[in-house]
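Have a look at data-v3.pdb; it's PDB, C-alpha atoms:
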ATOM      1  CA  MET A   8       1.730 -21.579   1.525
ATOM      2  CA  THR A   9       4.565 -21.121   3.979
ATOM      3  CA  ARG A  10       6.267 -17.900   4.913
ATOM      4  CA  THR A  11       8.678 -16.388   7.380
ATOM      5  CA  LEU A  12       8.340 -12.904   8.818
ATOM      6  CA  PRO A  13      10.504 -10.099   7.397
ATOM      7  CA  ARG A  14      13.937  -9.912   9.011
ATOM      8  CA  ARG A  15      16.875  -7.863   7.879
ATOM      9  CA  GLY A  16      14.928  -6.594   4.847
ATOM     10  CA  ALA A  17      13.980 -10.028   3.500
ATOM     11  CA  PHE A  18      11.298 -12.696   3.857
ATOM     12  CA  THR A  19      10.679 -16.165   2.448
ATOM     13  CA  LEU A  20       7.396 -17.229   0.842
ATOM     14  CA  ASP A  21       6.912 -20.760  -0.477
ATOM     15  CA  GLY A  22      10.666 -21.341  -0.436
ATOM     16  CA  ARG A  23      11.577 -18.166  -2.350
ATOM     17  CA  THR A  24      13.381 -15.318  -0.608
ATOM     18  CA  TYR A  25      12.330 -11.742  -1.383
ATOM     19  CA  ARG A  26      14.641  -8.842  -0.561
ATOM     20  CA  LEU A  27      13.107  -5.492   0.306
ATOM     21  CA  PRO A  28      14.782  -2.081   0.219
ATOM     22  CA  GLY A  29      15.620  -1.062   3.773
ATOM     23  CA  ASN A  30      14.649   2.204   5.386
ATOM     24  CA  ASP A  31      15.623   1.309   8.966
ATOM     25  CA  ASP A  32      18.915  -0.353   8.125
ATOM     26  CA  PRO A  33      18.853  -3.256   7.647
ATOM     27  CA  ASN A  34      15.074  -3.609   8.132
ATOM     28  CA  SER A  35      12.123  -2.425   6.027
ATOM     29  CA  PRO A  36       9.256  -1.628   8.430
ATOM     30  CA  HIS A  37       7.703   1.305   6.530
ATOM     31  CA  GLY A  38       7.434   0.350   2.868
ATOM     32  CA  GLY A  39      11.018   0.734   1.797
ATOM     33  CA  ASP A  40      12.544   3.804   0.232
ATOM     34  CA  LYS A  41       9.412   4.771  -1.736
ATOM     35  CA  GLY A  42       6.177   3.950   0.096
ATOM     36  CA  PHE A  43       2.578   4.283  -1.088
ATOM     37  CA  ASP A  44       2.550   7.887   0.135
ATOM     38  CA  GLU A  45       5.014   8.725  -2.660
ATOM     39  CA  ARG A  46       3.098   7.010  -5.480
ATOM     40  CA  VAL A  47       0.721   8.643  -7.957
ATOM     41  CA  TRP A  48      -2.815   7.447  -7.190
ATOM     42  CA  ASP A  49      -5.864   7.600  -9.469
ATOM     43  CA  VAL A  50      -8.517   9.927  -8.020
ATOM     44  CA  GLU A  51     -12.219   9.803  -8.880
ATOM     45  CA  PRO A  52     -14.779  12.184  -7.334
ATOM     46  CA  TYR A  53     -18.250  10.864  -6.528
ATOM     47  CA  ALA A  54     -21.518  11.929  -4.895
ATOM     48  CA  ARG A  55     -23.279   9.822  -2.290
ATOM     49  CA  GLY A  56     -26.512  10.937  -0.678
ATOM     50  CA  ARG A  57     -25.992  14.494   0.602
ATOM     51  CA  GLY A  58     -22.212  14.182   0.660
ATOM     52  CA  ALA A  59     -19.381  13.888  -1.795
ATOM     53  CA  GLY A  60     -16.082  12.109  -1.782
ATOM     54  CA  LEU A  61     -12.953  11.018  -3.554
ATOM     55  CA  ALA A  62     -12.055   7.414  -4.350
ATOM     56  CA  LEU A  63      -8.282   6.970  -4.325
ATOM     57  CA  ARG A  64      -6.923   3.917  -6.170
ATOM     58  CA  TYR A  65      -3.483   2.447  -6.687
ATOM     59  CA  VAL A  66      -2.268  -0.954  -7.905
ATOM     60  CA  SER A  67       1.062  -2.178  -6.614
ATOM     61  CA  VAL A  68       2.444  -4.432  -9.351
ATOM     62  CA  ASP A  69       4.250  -7.735  -8.874
ATOM     63  CA  GLY A  70       7.833  -7.031  -7.807
ATOM     64  CA  GLU A  71       7.263  -3.429  -6.682
ATOM     65  CA  MET A  72       9.594  -2.685  -3.778
ATOM     66  CA  GLY A  73      10.656  -6.344  -3.900
ATOM     67  CA  CYS A  74       7.230  -7.735  -2.931
ATOM     68  CA  PRO A  75       5.509 -10.578  -4.798
ATOM     69  CA  GLY A  76       1.990 -10.377  -6.219
ATOM     70  CA  ILE A  77      -0.407  -7.665  -7.279
ATOM     71  CA  LEU A  78      -1.966  -5.535  -4.537
ATOM     72  CA  PRO A  79      -4.970  -3.348  -5.489
ATOM     73  CA  LEU A  80      -5.583  -0.535  -2.970
ATOM     74  CA  ARG A  81      -8.508   1.848  -2.468
ATOM     75  CA  GLY A  82      -9.035   4.633   0.005
ATOM     76  CA  ASP A  83     -12.011   6.985   0.295
ATOM     77  CA  CYS A  84     -12.149  10.521   1.618
ATOM     78  CA  VAL A  85     -15.760  11.575   2.238
ATOM     79  CA  SER A  86     -17.261  14.981   3.049
ATOM     80  CA  VAL A  87     -19.988  14.439   5.635
ATOM     81  CA  SER A  88     -21.258  17.974   6.141
ATOM     82  CA  GLY A  89     -19.755  21.087   4.672
ATOM     83  CA  SER A  90     -16.129  21.421   5.675
ATOM     84  CA  GLN A  91     -15.841  18.220   7.727
ATOM     85  CA  ALA A  92     -14.106  15.272   6.117
ATOM     86  CA  ARG A  93     -13.289  11.758   7.216
ATOM     87  CA  GLY A  94     -11.492   8.777   5.748
ATOM     88  CA  VAL A  95     -13.320   5.485   5.311
TER      89      VAL A  95
END
Could you express the structure from this file as structure tokens?
Amino acid sequence: MTRTLPRRGAFTLDGRTYRLPGNDDPNSPHGGDKGFDERVWDVEPYARGRGAGLALRYVSVDGEMGCPGILPLRGDCVSVSGSQARGV
């Protein structure tokens, strides 16, 4: 596998060039025009020991925002004692 780093909103991977939507014209340093913060994530509550939390899941599909491959993501927000919360 060979690649070049993103420049001017594009990168090359294994000889194929991928163009990304720019958000810092002409570059794309922050996920393009619709980042993961603007996506609808699946949320599943769970209990663990004396605390509780939320599992946040999202799957970025092949070609989303111009990127190749499938990218499964998971984030957890856990209550550790009463009103305190932390991300893990």
Proximity to Pro52 in chain A - best of A:Cys84, A:Met72, A:Leu20, A:Val66, only C-alpha atoms: A:Cys84
Could you work out how far CA of Arg46 in chain A lies from CA of Gly29 in chain A, giving the answer in Å with one decimal? 17.5 Å
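Of the listed residues A:Pro75, A:Gly70, A:Gly58, A:Gly82, the one whose atoms come nearest to Asp21 in chain A is A:Pro75, with distances taken using only C-alpha atoms.
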Selection result for the PyMOL selection byres ((chain A and resi 77) around 6) on this file, as a CSV table (one decimal) with C-alpha atoms, in the frame of the given file:
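Ended up saving to part08.csv:
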chain,number,residue,atom,x,y,z
A,67,SER,CA,1.1,-2.2,-6.6
A,68,VAL,CA,2.4,-4.4,-9.4
A,69,ASP,CA,4.2,-7.7,-8.9
A,76,GLY,CA,2.0,-10.4,-6.2
A,78,LEU,CA,-2.0,-5.5,-4.5
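Across the structure, CA of Ala62 in chain A and CA of Asp49 in chain A are spaced 8.0 Å apart.
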So which residues get picked by the PyMOL selection byres ((chain A and resi 61) around 7) here, written as number ranges by chain? A: 50-53, 60, 62-63, 83-85
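We find CA of Lys41 in chain A and CA of Pro79 in chain A to be spaced 16.9 Å apart.
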Just want the 10 Å neighbourhood of Asp32 in chain A, counted on all atoms listed in the file, with same-chain residues fewer than 3 positions away dropped. Output as a PyMOL selection string. chain A and resi 15-16+28-29+35-36
Selection result of the PyMOL selection byres ((chain A and resi 26) around 7) on this file, as number ranges by chain: A: 16-18, 24-25, 27-28, 73
Mind checking which residues fall within 9 Å of Phe43 in chain A, counting only C-alpha atoms, ignoring those fewer than 4 positions away in the same chain, and posting them as a PyMOL selection string? chain A and resi 38+47-48+65+67
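Considering the residues A:Arg81, A:Ser86, A:Cys74, A:Arg55 and counting only C-alpha atoms, Arg23 in chain A has its shortest atom-to-atom contact with A:Cys74.
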